[in-house]
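Asks: Below is a structure I'd like to ask you about.
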Amino acid sequence: MNEILAVAVITVLAVIAPGADFAMVIRNSYLYGRTTGLLSATGVAAGVLVHVTYTMLGVGLLIASSTFLFTVIKLVGAAYLVYIGVRTFRTRDEVTVDLAQPTVAVTPLAALRSGFLTNVLNPKTTLFVVSTFAQVVSPGTPLVQQAGYGLFMALAHLLWFGVVAVFFSHDRMRAVMLRGQKILNKAIGSVLAGLGISLAFAPSH
């Protein structure tokens, strides 16, 4: 249960923290409409599954080959959570979105591709997935349970960015959501840093 709770809390906080995916979905939703925004959110979730797949394989190999190396990766992952927590807390700049008027319409495939590539090429997502798995996966964690963690991460991205797409397809909601960034960043940063510290000192499985 502690594993599941840790995955849930870290994932939700990481997903709602404004970043590249957030800016891309906002832009597509604002410029091209709700359908394009939702397709972009679907692309983001598909990108997360790519990160999850190679992370599951890599973490599994680490557990099987070197307990010491896995412990090192786990501590690095915890340090990363603290790092992004502090950076998020101290962030002063708001997410900026390029709202230059489009010259051509966006096809459904292009919308999916933009979400997918924005996520799959984002090193921050790589570090988020790897660090999260390093904290919760142990030799006794069943493969099905690990897959469940990965699906939850992808689903969380899909739901959150789906909500963002719906909100930002309406002009008025854009200003409301962006206005709350600073408070959101401080709250998310504090919790992520605290989780990173607690996980670093938690006993190994």
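By order in the structure tokens, chains are A, B, ...; within a chain, residues start at 1; ligands start at 1, following the order shown.
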Give me the residues of region 116-137 of chain A that have any atom at most 7 Å from an atom of region 34-48 of chain A; for each, the nearest atom pair and the distance in Å, rounded to one decimal. Use only C-alpha atoms, sort by chain and number, and format it as JSON lines.

Replies:
```
{"residue": "A:Phe116", "atom": "CA", "partner": "A:Gly43", "partner_atom": "CA", "distance": 4.1}
{"residue": "A:Asn119", "atom": "CA", "partner": "A:Gly47", "partner_atom": "CA", "distance": 5.4}
{"residue": "A:Val120", "atom": "CA", "partner": "A:Gly47", "partner_atom": "CA", "distance": 4.7}
```

Asks: So, with only C-alpha atoms as the atoms that count, which of A:Gly148, A:Gly115, A:Pro108, A:Gly196 lies closest to Ala134 (chain A)?

Replies: A:Gly196

Asks: Choose the residue, out of A:Leu81, A:Ala6, A:Val12, A:Val130, that has the smallest atom-to-atom separation from Ala154 (chain A); count only C-alpha atoms.

Replies: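 With only C-alpha atoms as the atom set, the closest residue is A:Val12.
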
Asks: In Å, with one decimal, what is the gap from CA of His170 (chain A) to CA of Leu117 (chain A)?

Replies: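 About the pair CA of His170 (chain A) and CA of Leu117 (chain A): they are 24.9 Å apart.
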
Asks: Do you know which residues are at most 10 Å from Ala20 (chain A) counting only C-alpha atoms, after dropping those on the same chain fewer than 2 positions away, and could you put them as a PyMOL selection string?

Replies: chain A and resi 17-18+22-26+95-97+115+118-119+122+124-125

Asks: Compile the contact shell of Leu192 (chain A) as a PyMOL selection string: residues with an atom at most 12 Å away, counting only C-alpha atoms, same-chain residues fewer than 5 positions apart removed.

Replies: chain A and resi 6-7+9-15+17+77-89+128+131-132+185-187+197-199

Asks: Report the distance between CA of Asn2 (chain A) and CA of Gln135 (chain A) in Å, rounded to one decimal place.

Replies: 10.9 Å

Asks: Quick check, in Å to one decimal: how far apart do CA of Val137 (chain A) and CA of Ala193 (chain A) lie?

Replies: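 About the pair CA of Val137 (chain A) and CA of Ala193 (chain A): they are 19.9 Å apart.
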
Asks: Pick the closest to Leu57 (chain A) from A:Phe167, A:Gln146, A:Ser190, A:Gly162: which is it, counting only C-alpha atoms?

Replies: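 Of all the options, A:Gln146 lies closest to Leu57 (chain A).
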
Asks: Can you check which residues of region 74-168 of chain A DSSP gives as helix (DSSP H, G or I) on the backbone and send them as a PyMOL selection string?

Replies: chain A and resi 74-90+108-120+123-136+143-168
